[in-house]
>>> print(open('target_27.txt').read())   # compact mmCIF, N, CA and C atoms
# COMPACT_ATOMS: atom_id res chain seq x y z
N MET C 24 45.95 229.76 -31.80
CA MET C 24 44.98 229.26 -30.84
C MET C 24 45.71 228.43 -29.78
N THR C 25 45.30 228.60 -28.52
CA THR C 25 45.90 227.87 -27.40
C THR C 25 45.07 226.63 -27.09
N TYR C 26 45.76 225.52 -26.88
CA TYR C 26 45.13 224.24 -26.56
C TYR C 26 45.61 223.74 -25.20
N HIS C 27 44.86 222.79 -24.62
CA HIS C 27 45.27 222.12 -23.39
C HIS C 27 45.26 220.62 -23.62
N ALA C 28 46.28 219.96 -23.12
CA ALA C 28 46.33 218.50 -23.10
C ALA C 28 46.52 218.11 -21.63
N ARG C 29 45.75 217.15 -21.18
CA ARG C 29 45.82 216.75 -19.77
C ARG C 29 45.92 215.24 -19.67
N GLY C 30 46.51 214.80 -18.57
CA GLY C 30 46.62 213.37 -18.32
C GLY C 30 47.51 213.09 -17.14
N THR C 31 48.05 211.88 -17.12
CA THR C 31 48.90 211.43 -16.01
C THR C 31 50.24 210.97 -16.55
N PHE C 32 51.20 210.81 -15.65
CA PHE C 32 52.48 210.26 -16.05
C PHE C 32 53.15 209.57 -14.87
N THR C 33 54.03 208.65 -15.20
CA THR C 33 54.91 208.04 -14.22
C THR C 33 56.32 208.51 -14.54
N VAL C 34 57.13 208.63 -13.52
CA VAL C 34 58.49 209.11 -13.70
C VAL C 34 59.46 208.16 -13.03
N ASP C 35 60.59 207.92 -13.69
CA ASP C 35 61.63 207.03 -13.20
C ASP C 35 62.93 207.85 -13.18
N VAL C 36 63.47 208.08 -11.98
CA VAL C 36 64.67 208.89 -11.81
C VAL C 36 65.76 208.02 -11.18
N HIS C 37 66.98 208.07 -11.76
CA HIS C 37 68.11 207.29 -11.24
C HIS C 37 69.36 208.16 -11.19
N PRO C 38 70.17 208.02 -10.12
CA PRO C 38 71.42 208.77 -10.04
C PRO C 38 72.37 208.38 -11.17
N LEU C 39 73.12 209.36 -11.67
CA LEU C 39 74.14 209.13 -12.69
C LEU C 39 75.49 209.59 -12.14
N THR C 40 76.53 208.94 -12.59
CA THR C 40 77.88 209.35 -12.22
C THR C 40 78.66 209.60 -13.49
N PRO C 41 79.65 210.45 -13.48
CA PRO C 41 80.12 211.17 -12.29
C PRO C 41 79.27 212.39 -12.01
N SER C 42 79.37 212.87 -10.76
CA SER C 42 78.75 214.13 -10.39
C SER C 42 79.55 215.25 -11.03
N PRO C 43 78.88 216.29 -11.54
CA PRO C 43 79.63 217.36 -12.23
C PRO C 43 80.49 218.20 -11.29
N ALA C 44 80.12 218.27 -10.00
CA ALA C 44 80.89 219.06 -9.04
C ALA C 44 80.43 218.70 -7.63
N GLU C 45 81.24 219.03 -6.64
CA GLU C 45 80.89 218.80 -5.24
C GLU C 45 79.58 219.52 -4.93
N GLY C 46 78.61 218.80 -4.35
CA GLY C 46 77.33 219.40 -3.98
C GLY C 46 76.29 219.39 -5.08
N VAL C 47 76.64 218.91 -6.27
CA VAL C 47 75.70 218.83 -7.38
C VAL C 47 75.47 217.37 -7.73
N SER C 48 74.21 216.97 -7.84
CA SER C 48 73.87 215.59 -8.20
C SER C 48 73.32 215.56 -9.62
N ARG C 49 73.51 214.44 -10.28
CA ARG C 49 73.07 214.25 -11.67
C ARG C 49 72.18 213.01 -11.73
N PHE C 50 71.06 213.10 -12.47
CA PHE C 50 70.10 212.00 -12.54
C PHE C 50 69.60 211.81 -13.97
N SER C 51 69.25 210.56 -14.31
CA SER C 51 68.48 210.30 -15.53
C SER C 51 67.01 210.49 -15.16
N ILE C 52 66.22 210.93 -16.13
CA ILE C 52 64.79 211.14 -15.90
C ILE C 52 64.04 210.59 -17.11
N ASP C 53 63.14 209.65 -16.86
CA ASP C 53 62.36 209.01 -17.92
C ASP C 53 60.90 208.99 -17.49
N LYS C 54 60.00 209.36 -18.41
CA LYS C 54 58.58 209.37 -18.11
C LYS C 54 57.80 208.56 -19.13
N GLN C 55 56.68 208.05 -18.67
CA GLN C 55 55.64 207.46 -19.51
C GLN C 55 54.43 208.38 -19.34
N ILE C 56 54.04 209.07 -20.41
CA ILE C 56 52.97 210.06 -20.34
C ILE C 56 51.72 209.50 -21.03
N HIS C 57 50.57 209.65 -20.35
CA HIS C 57 49.30 209.15 -20.89
C HIS C 57 48.25 210.25 -20.84
N GLY C 58 47.25 210.11 -21.69
CA GLY C 58 46.17 211.08 -21.75
C GLY C 58 46.12 211.73 -23.11
N ASP C 59 45.90 213.04 -23.13
CA ASP C 59 45.84 213.76 -24.40
C ASP C 59 47.19 213.76 -25.12
N LEU C 60 48.26 213.64 -24.35
CA LEU C 60 49.61 213.44 -24.88
C LEU C 60 50.02 212.02 -24.54
N GLU C 61 50.30 211.23 -25.55
CA GLU C 61 50.80 209.86 -25.35
C GLU C 61 52.26 209.86 -25.78
N ALA C 62 53.17 209.72 -24.80
CA ALA C 62 54.58 209.91 -25.13
C ALA C 62 55.48 209.24 -24.10
N THR C 63 56.75 209.16 -24.47
CA THR C 63 57.81 208.78 -23.54
C THR C 63 58.82 209.92 -23.53
N THR C 64 59.57 210.01 -22.44
CA THR C 64 60.61 211.02 -22.36
C THR C 64 61.91 210.39 -21.90
N THR C 65 62.99 211.07 -22.22
CA THR C 65 64.29 210.72 -21.67
C THR C 65 65.07 212.02 -21.50
N GLY C 66 65.79 212.14 -20.39
CA GLY C 66 66.51 213.37 -20.15
C GLY C 66 67.45 213.26 -18.97
N GLU C 67 68.02 214.42 -18.61
CA GLU C 67 68.91 214.51 -17.47
C GLU C 67 68.53 215.68 -16.58
N MET C 68 68.78 215.49 -15.28
CA MET C 68 68.47 216.49 -14.28
C MET C 68 69.71 216.71 -13.42
N PHE C 69 69.93 217.97 -13.05
CA PHE C 69 70.99 218.34 -12.12
C PHE C 69 70.33 219.00 -10.92
N SER C 70 70.74 218.62 -9.70
CA SER C 70 70.14 219.21 -8.51
C SER C 70 71.23 219.57 -7.51
N ALA C 71 70.88 220.51 -6.63
CA ALA C 71 71.77 220.94 -5.55
C ALA C 71 70.91 221.34 -4.37
N GLY C 72 71.54 221.45 -3.22
CA GLY C 72 70.83 221.82 -2.01
C GLY C 72 70.55 220.60 -1.16
N ASP C 73 69.62 220.73 -0.24
CA ASP C 73 69.29 219.66 0.70
C ASP C 73 67.78 219.43 0.72
N PRO C 74 67.27 218.59 -0.22
CA PRO C 74 65.82 218.38 -0.30
C PRO C 74 65.22 217.83 1.00
N LYS C 75 65.98 217.06 1.77
CA LYS C 75 65.45 216.52 3.03
C LYS C 75 65.15 217.63 4.03
N GLN C 76 65.88 218.75 3.90
CA GLN C 76 65.64 219.91 4.75
C GLN C 76 64.68 220.91 4.11
N GLY C 77 64.22 220.60 2.88
CA GLY C 77 63.25 221.45 2.20
C GLY C 77 63.84 222.65 1.48
N VAL C 78 65.16 222.60 1.20
CA VAL C 78 65.82 223.69 0.48
C VAL C 78 66.68 223.09 -0.63
N ALA C 79 66.27 223.28 -1.87
CA ALA C 79 66.99 222.67 -3.00
C ALA C 79 66.50 223.28 -4.30
N GLY C 80 67.17 222.89 -5.36
CA GLY C 80 66.75 223.31 -6.69
C GLY C 80 67.20 222.30 -7.72
N TYR C 81 66.57 222.35 -8.89
CA TYR C 81 67.00 221.48 -9.98
C TYR C 81 66.75 222.16 -11.32
N VAL C 82 67.50 221.72 -12.31
CA VAL C 82 67.26 222.06 -13.70
C VAL C 82 67.29 220.74 -14.47
N ALA C 83 66.54 220.68 -15.58
CA ALA C 83 66.51 219.46 -16.37
C ALA C 83 66.09 219.78 -17.80
N ILE C 84 66.50 218.91 -18.69
CA ILE C 84 66.03 218.91 -20.08
C ILE C 84 65.61 217.48 -20.39
N GLU C 85 64.44 217.31 -20.98
CA GLU C 85 64.01 215.98 -21.40
C GLU C 85 63.36 216.06 -22.77
N VAL C 86 63.63 215.03 -23.58
CA VAL C 86 63.06 214.93 -24.92
C VAL C 86 61.76 214.13 -24.83
N VAL C 87 60.68 214.71 -25.30
CA VAL C 87 59.35 214.09 -25.31
C VAL C 87 59.09 213.62 -26.73
N THR C 88 58.79 212.32 -26.90
CA THR C 88 58.50 211.76 -28.22
C THR C 88 57.17 211.04 -28.17
N GLY C 89 56.24 211.43 -29.05
CA GLY C 89 54.94 210.78 -29.05
C GLY C 89 53.93 211.47 -29.92
N THR C 90 52.66 211.37 -29.50
CA THR C 90 51.54 211.88 -30.27
C THR C 90 50.71 212.83 -29.42
N LEU C 91 50.44 214.01 -29.98
CA LEU C 91 49.65 215.05 -29.34
C LEU C 91 48.60 215.51 -30.34
N ALA C 92 47.34 215.37 -29.98
CA ALA C 92 46.23 215.78 -30.85
C ALA C 92 46.36 215.17 -32.25
N GLY C 93 46.77 213.89 -32.30
CA GLY C 93 46.89 213.19 -33.57
C GLY C 93 48.15 213.51 -34.35
N LYS C 94 49.00 214.37 -33.81
CA LYS C 94 50.23 214.76 -34.50
C LYS C 94 51.42 214.10 -33.81
N HIS C 95 52.32 213.51 -34.64
CA HIS C 95 53.48 212.79 -34.10
C HIS C 95 54.74 213.64 -34.26
N GLY C 96 55.57 213.57 -33.25
CA GLY C 96 56.85 214.27 -33.30
C GLY C 96 57.49 214.30 -31.94
N SER C 97 58.40 215.25 -31.75
CA SER C 97 59.06 215.39 -30.46
C SER C 97 59.29 216.86 -30.15
N PHE C 98 59.59 217.13 -28.89
CA PHE C 98 59.97 218.46 -28.41
C PHE C 98 60.69 218.26 -27.09
N THR C 99 61.38 219.30 -26.62
CA THR C 99 62.03 219.17 -25.32
C THR C 99 61.29 220.01 -24.29
N LEU C 100 61.33 219.52 -23.06
CA LEU C 100 60.84 220.26 -21.90
C LEU C 100 62.05 220.75 -21.12
N GLN C 101 62.01 222.00 -20.73
CA GLN C 101 63.09 222.64 -19.98
C GLN C 101 62.55 222.98 -18.59
N HIS C 102 63.15 222.38 -17.55
CA HIS C 102 62.69 222.53 -16.17
C HIS C 102 63.61 223.47 -15.39
N SER C 103 63.02 224.23 -14.47
CA SER C 103 63.77 225.00 -13.47
C SER C 103 62.88 225.06 -12.23
N ALA C 104 63.40 224.59 -11.09
CA ALA C 104 62.57 224.54 -9.89
C ALA C 104 63.40 224.76 -8.63
N THR C 105 62.75 225.35 -7.63
CA THR C 105 63.36 225.54 -6.32
C THR C 105 62.32 225.26 -5.24
N MET C 106 62.83 224.97 -4.04
CA MET C 106 61.97 224.89 -2.86
C MET C 106 62.76 225.46 -1.69
N ASP C 107 62.02 226.23 -0.86
CA ASP C 107 62.61 226.80 0.35
C ASP C 107 61.47 227.06 1.33
N ALA C 108 61.75 227.84 2.37
CA ALA C 108 60.74 228.11 3.40
C ALA C 108 59.50 228.80 2.82
N ASN C 109 59.64 229.46 1.68
CA ASN C 109 58.49 230.13 1.05
C ASN C 109 57.67 229.20 0.15
N GLY C 110 58.08 227.94 0.01
CA GLY C 110 57.34 226.99 -0.81
C GLY C 110 58.10 226.57 -2.05
N ARG C 111 57.37 225.98 -2.98
CA ARG C 111 57.96 225.48 -4.22
C ARG C 111 57.65 226.43 -5.37
N LYS C 112 58.63 226.55 -6.26
CA LYS C 112 58.45 227.30 -7.51
C LYS C 112 58.96 226.43 -8.64
N MET C 113 58.15 226.25 -9.66
CA MET C 113 58.55 225.39 -10.77
C MET C 113 58.10 226.00 -12.08
N SER C 114 59.01 225.95 -13.05
CA SER C 114 58.70 226.37 -14.40
C SER C 114 59.14 225.26 -15.34
N VAL C 115 58.21 224.76 -16.14
CA VAL C 115 58.54 223.76 -17.16
C VAL C 115 57.95 224.28 -18.47
N ILE C 116 58.84 224.59 -19.41
CA ILE C 116 58.40 225.14 -20.69
C ILE C 116 58.85 224.22 -21.83
N ILE C 117 58.17 224.34 -22.95
CA ILE C 117 58.65 223.70 -24.17
C ILE C 117 59.78 224.58 -24.69
N THR C 118 60.95 223.99 -24.84
CA THR C 118 62.12 224.75 -25.30
C THR C 118 61.83 225.32 -26.69
N PRO C 119 61.95 226.64 -26.85
CA PRO C 119 61.69 227.24 -28.16
C PRO C 119 62.54 226.60 -29.27
N GLY C 120 61.88 226.30 -30.40
CA GLY C 120 62.57 225.73 -31.55
C GLY C 120 62.86 224.25 -31.47
N SER C 121 62.36 223.56 -30.42
CA SER C 121 62.69 222.15 -30.24
C SER C 121 61.73 221.18 -30.92
N GLY C 122 60.60 221.64 -31.42
CA GLY C 122 59.61 220.75 -32.02
C GLY C 122 60.09 220.13 -33.33
N THR C 123 59.76 218.85 -33.51
CA THR C 123 60.11 218.14 -34.75
C THR C 123 58.87 217.45 -35.31
N GLY C 124 58.99 216.99 -36.55
CA GLY C 124 57.89 216.28 -37.20
C GLY C 124 56.66 217.17 -37.26
N GLU C 125 55.49 216.58 -36.97
CA GLU C 125 54.24 217.33 -37.01
C GLU C 125 54.09 218.29 -35.83
N LEU C 126 55.03 218.24 -34.88
CA LEU C 126 55.00 219.14 -33.73
C LEU C 126 55.99 220.31 -33.88
N LYS C 127 56.51 220.46 -35.08
CA LYS C 127 57.42 221.58 -35.35
C LYS C 127 56.67 222.89 -35.09
N GLY C 128 57.32 223.82 -34.39
CA GLY C 128 56.69 225.10 -34.08
C GLY C 128 55.89 225.11 -32.79
N ILE C 129 55.86 224.00 -32.05
CA ILE C 129 55.11 223.96 -30.80
C ILE C 129 55.77 224.85 -29.75
N SER C 130 54.93 225.47 -28.92
CA SER C 130 55.41 226.24 -27.77
C SER C 130 54.40 226.08 -26.66
N GLY C 131 54.84 226.32 -25.43
CA GLY C 131 53.90 226.23 -24.32
C GLY C 131 54.55 225.91 -23.00
N THR C 132 53.69 225.55 -22.04
CA THR C 132 54.12 225.22 -20.68
C THR C 132 53.55 223.87 -20.27
N PHE C 133 54.26 223.18 -19.38
CA PHE C 133 53.88 221.87 -18.88
C PHE C 133 53.74 221.99 -17.37
N ASP C 134 52.51 222.10 -16.88
CA ASP C 134 52.26 222.26 -15.45
C ASP C 134 52.12 220.88 -14.82
N ILE C 135 52.94 220.63 -13.79
CA ILE C 135 52.95 219.34 -13.10
C ILE C 135 52.22 219.46 -11.77
N GLN C 136 51.31 218.52 -11.52
CA GLN C 136 50.64 218.41 -10.23
C GLN C 136 50.98 217.06 -9.62
N ILE C 137 51.20 217.05 -8.30
CA ILE C 137 51.46 215.81 -7.57
C ILE C 137 50.45 215.74 -6.43
N ASP C 138 49.63 214.69 -6.43
CA ASP C 138 48.60 214.53 -5.41
C ASP C 138 48.66 213.09 -4.91
N ASN C 139 48.96 212.94 -3.63
CA ASN C 139 49.09 211.61 -3.02
C ASN C 139 50.06 210.71 -3.79
N GLY C 140 51.17 211.29 -4.24
CA GLY C 140 52.20 210.54 -4.94
C GLY C 140 51.91 210.26 -6.40
N LYS C 141 50.75 210.70 -6.91
CA LYS C 141 50.40 210.49 -8.31
C LYS C 141 50.64 211.78 -9.09
N HIS C 142 51.25 211.63 -10.28
CA HIS C 142 51.60 212.78 -11.12
C HIS C 142 50.58 212.98 -12.23
N SER C 143 50.19 214.25 -12.42
CA SER C 143 49.36 214.60 -13.57
C SER C 143 49.92 215.88 -14.19
N TYR C 144 49.42 216.21 -15.38
CA TYR C 144 49.94 217.37 -16.10
C TYR C 144 48.82 218.12 -16.80
N ASP C 145 49.12 219.38 -17.08
CA ASP C 145 48.30 220.21 -17.94
C ASP C 145 49.28 220.89 -18.89
N LEU C 146 49.29 220.46 -20.14
CA LEU C 146 50.14 221.04 -21.17
C LEU C 146 49.33 222.10 -21.90
N GLU C 147 49.73 223.36 -21.73
CA GLU C 147 49.10 224.45 -22.47
C GLU C 147 50.02 224.77 -23.64
N TYR C 148 49.50 224.69 -24.87
CA TYR C 148 50.39 224.81 -26.03
C TYR C 148 49.73 225.48 -27.21
N THR C 149 50.58 225.95 -28.10
CA THR C 149 50.15 226.42 -29.41
C THR C 149 51.01 225.69 -30.44
N LEU C 150 50.47 225.50 -31.62
CA LEU C 150 51.21 224.85 -32.70
C LEU C 150 51.45 225.86 -33.81
N GLY C 151 52.72 226.09 -34.11
CA GLY C 151 53.05 226.99 -35.21
C GLY C 151 52.78 226.32 -36.54
N LYS C 152 52.87 227.09 -37.60
CA LYS C 152 52.60 226.53 -38.94
C LYS C 152 53.85 226.00 -39.55
>>> encode(input="target_27.txt", output="C-alpha cells")
Amino acid sequence: MTYHARGTFTVDVHPLTPSPAEGVSRFSIDKQIHGDLEATTTGEMFSAGDPKQGVAGYVAIEVVTGTLAGKHGSFTLQHSATMDANGRKMSVIITPGSGTGELKGISGTFDIQIDNGKHSYDLEYTLGK
C-alpha cells in the first residue's frame, strides 16, 4: 500500500572544503522536517555549473532520522537535480535498502515544493515487511 506524508522543512546549507575538483562545490546539508514526518537530516551535496545564470546541477545524499507514521528509524534520500533554459528537473528518492529500525524496507519519493522561500514536501512511500 502507498502512503503520503506531507509537511514543511527548513534547510541549512554551508560550503565545505576542500572542493573535490575545479568547478565543483561541496556543501553540508541539514534539515529540520515537520509534519507527518518528524525528523532531522544530515548530508552532503556536490554542485557544478552557474546557478546565478540559471544553469547548474547537484547531487546529494542525506540521512533522515525520525518518526514516520509512528515508526522510528532512518533512511537516506538520494538527490539529482538540474536547471537550464528548459526549467528545473529534480528527483529525490529513498535510496533502496537504506531503511533502518521500524522503517526497514521503506521505498518512495520525496517531492520538494518551494513557494515564496518556504519549503514543503510530499513523501510518497511504501513500507516493506
>>> atom_distance(input="target_27.txt", atom1="CA of Leu91 in chain C", atom2="CA of Ile135 in chain C")
17.1 Å
>>> residues_near_point(input="target_27.txt", point="(64.5, 203.4, -10.4)", cutoff="10 Å", atoms="only C-alpha atoms", output="PyMOL selection string")
chain C and resi 34-38+51-53
>>> atom_distance(input="target_27.txt", atom1="atom C of Ile56 in chain C", atom2="atom N of Gln101 in chain C")
16.2 Å
>>> residues_around(input="target_27.txt", residues="His95 in chain C", least_positions_apart="2", cutoff="7 Å", atoms="all atoms listed in the file", output="mmCIF file with N, CA and C atoms, in the coordinates of the input")
data_model
loop_
_atom_site.group_PDB
_atom_site.id
_atom_site.type_symbol
_atom_site.label_atom_id
_atom_site.label_comp_id
_atom_site.auth_asym_id
_atom_site.auth_seq_id
_atom_site.Cartn_x
_atom_site.Cartn_y
_atom_site.Cartn_z
ATOM 1 N N GLY C 89 56.240 211.430 -29.050
ATOM 2 C CA GLY C 89 54.940 210.780 -29.050
ATOM 3 C C GLY C 89 53.930 211.470 -29.920
ATOM 4 N N THR C 90 52.660 211.370 -29.500
ATOM 5 C CA THR C 90 51.540 211.880 -30.270
ATOM 6 C C THR C 90 50.710 212.830 -29.420
ATOM 7 N N LEU C 91 50.440 214.010 -29.980
ATOM 8 C CA LEU C 91 49.650 215.050 -29.340
ATOM 9 C C LEU C 91 48.600 215.510 -30.340
ATOM 10 N N ALA C 92 47.340 215.370 -29.980
ATOM 11 C CA ALA C 92 46.230 215.780 -30.850
ATOM 12 C C ALA C 92 46.360 215.170 -32.250
ATOM 13 N N GLY C 93 46.770 213.890 -32.300
ATOM 14 C CA GLY C 93 46.890 213.190 -33.570
ATOM 15 C C GLY C 93 48.150 213.510 -34.350
ATOM 16 N N SER C 97 58.400 215.250 -31.750
ATOM 17 C CA SER C 97 59.060 215.390 -30.460
ATOM 18 C C SER C 97 59.290 216.860 -30.150
ATOM 19 N N THR C 123 59.760 218.850 -33.510
ATOM 20 C CA THR C 123 60.110 218.140 -34.750
ATOM 21 C C THR C 123 58.870 217.450 -35.310
ATOM 22 N N GLY C 124 58.990 216.990 -36.550
ATOM 23 C CA GLY C 124 57.890 216.280 -37.200
ATOM 24 C C GLY C 124 56.660 217.170 -37.260
ATOM 25 N N GLU C 125 55.490 216.580 -36.970
ATOM 26 C CA GLU C 125 54.240 217.330 -37.010
ATOM 27 C C GLU C 125 54.090 218.290 -35.830
ATOM 28 N N LEU C 126 55.030 218.240 -34.880
ATOM 29 C CA LEU C 126 55.000 219.140 -33.730
ATOM 30 C C LEU C 126 55.990 220.310 -33.880
#
>>> atom_distance(input="target_27.txt", atom1="CA of Ser121 in chain C", atom2="CA of Asp59 in chain C")
19.7 Å
>>> closest_residue(input="target_27.txt", among="C:Gly58, C:Gly46, C:Gly96, C:Pro74", to="Arg29 in chain C", atoms="all atoms listed in the file")
C:Gly58
>>> residues_around(input="target_27.txt", residues="Ile117 in chain C", least_positions_apart="2", cutoff="7 Å", atoms="all atoms listed in the file", output="list in words")
Phe98, Thr99, Leu100, Gln101, Val115, Pro119, Gly120, Ser121, Ile129, Ser130, Gly131, Thr132 and Phe133 of chain C
>>> select_by_dssp(input="target_27.txt", residues="chain C", states="strand (DSSP E)", output="VMD selection string")
chain C and resid 26 to 44 47 to 58 60 to 73 78 to 91 94 to 107 110 to 117 123 to 124 129 to 138 141 to 150
>>> closest_residue(input="target_27.txt", among="C:Val47, C:Leu60, C:Val82, C:Met68", to="Asp145 in chain C", atoms="only C-alpha atoms")
C:Leu60
>>> residues_around(input="target_27.txt", residues="Gln55 in chain C", least_positions_apart="3", cutoff="6 Å", atoms="only C-alpha atoms", output="list in words")
Phe32, Thr33 and Thr63 of chain C
>>> residues_near_point(input="target_27.txt", point="(64.4, 216.3, -21.9)", cutoff="6.5 Å", atoms="all atoms listed in the file", output="PyMOL selection string")
chain C and resi 64-67+83-87+99-101
>>> closest_residue(input="target_27.txt", among="C:Pro41, C:Phe69, C:Gly30, C:Gly77", to="His57 in chain C", atoms="all atoms listed in the file")
C:Gly30
>>> closest_residue(input="target_27.txt", among="C:Gln76, C:Thr31, C:Gly128, C:Lys94", to="Asp107 in chain C", atoms="only C-alpha atoms")
C:Gln76
>>> axis_aligned_box(input="target_27.txt", around="range 33-42 of chain C", padding_each_side="5 Å", output="JSON")
{"center_x": 67.1, "center_y": 211.1, "center_z": -12.6, "size_x": 36.1, "size_y": 18.2, "size_z": 15.2}
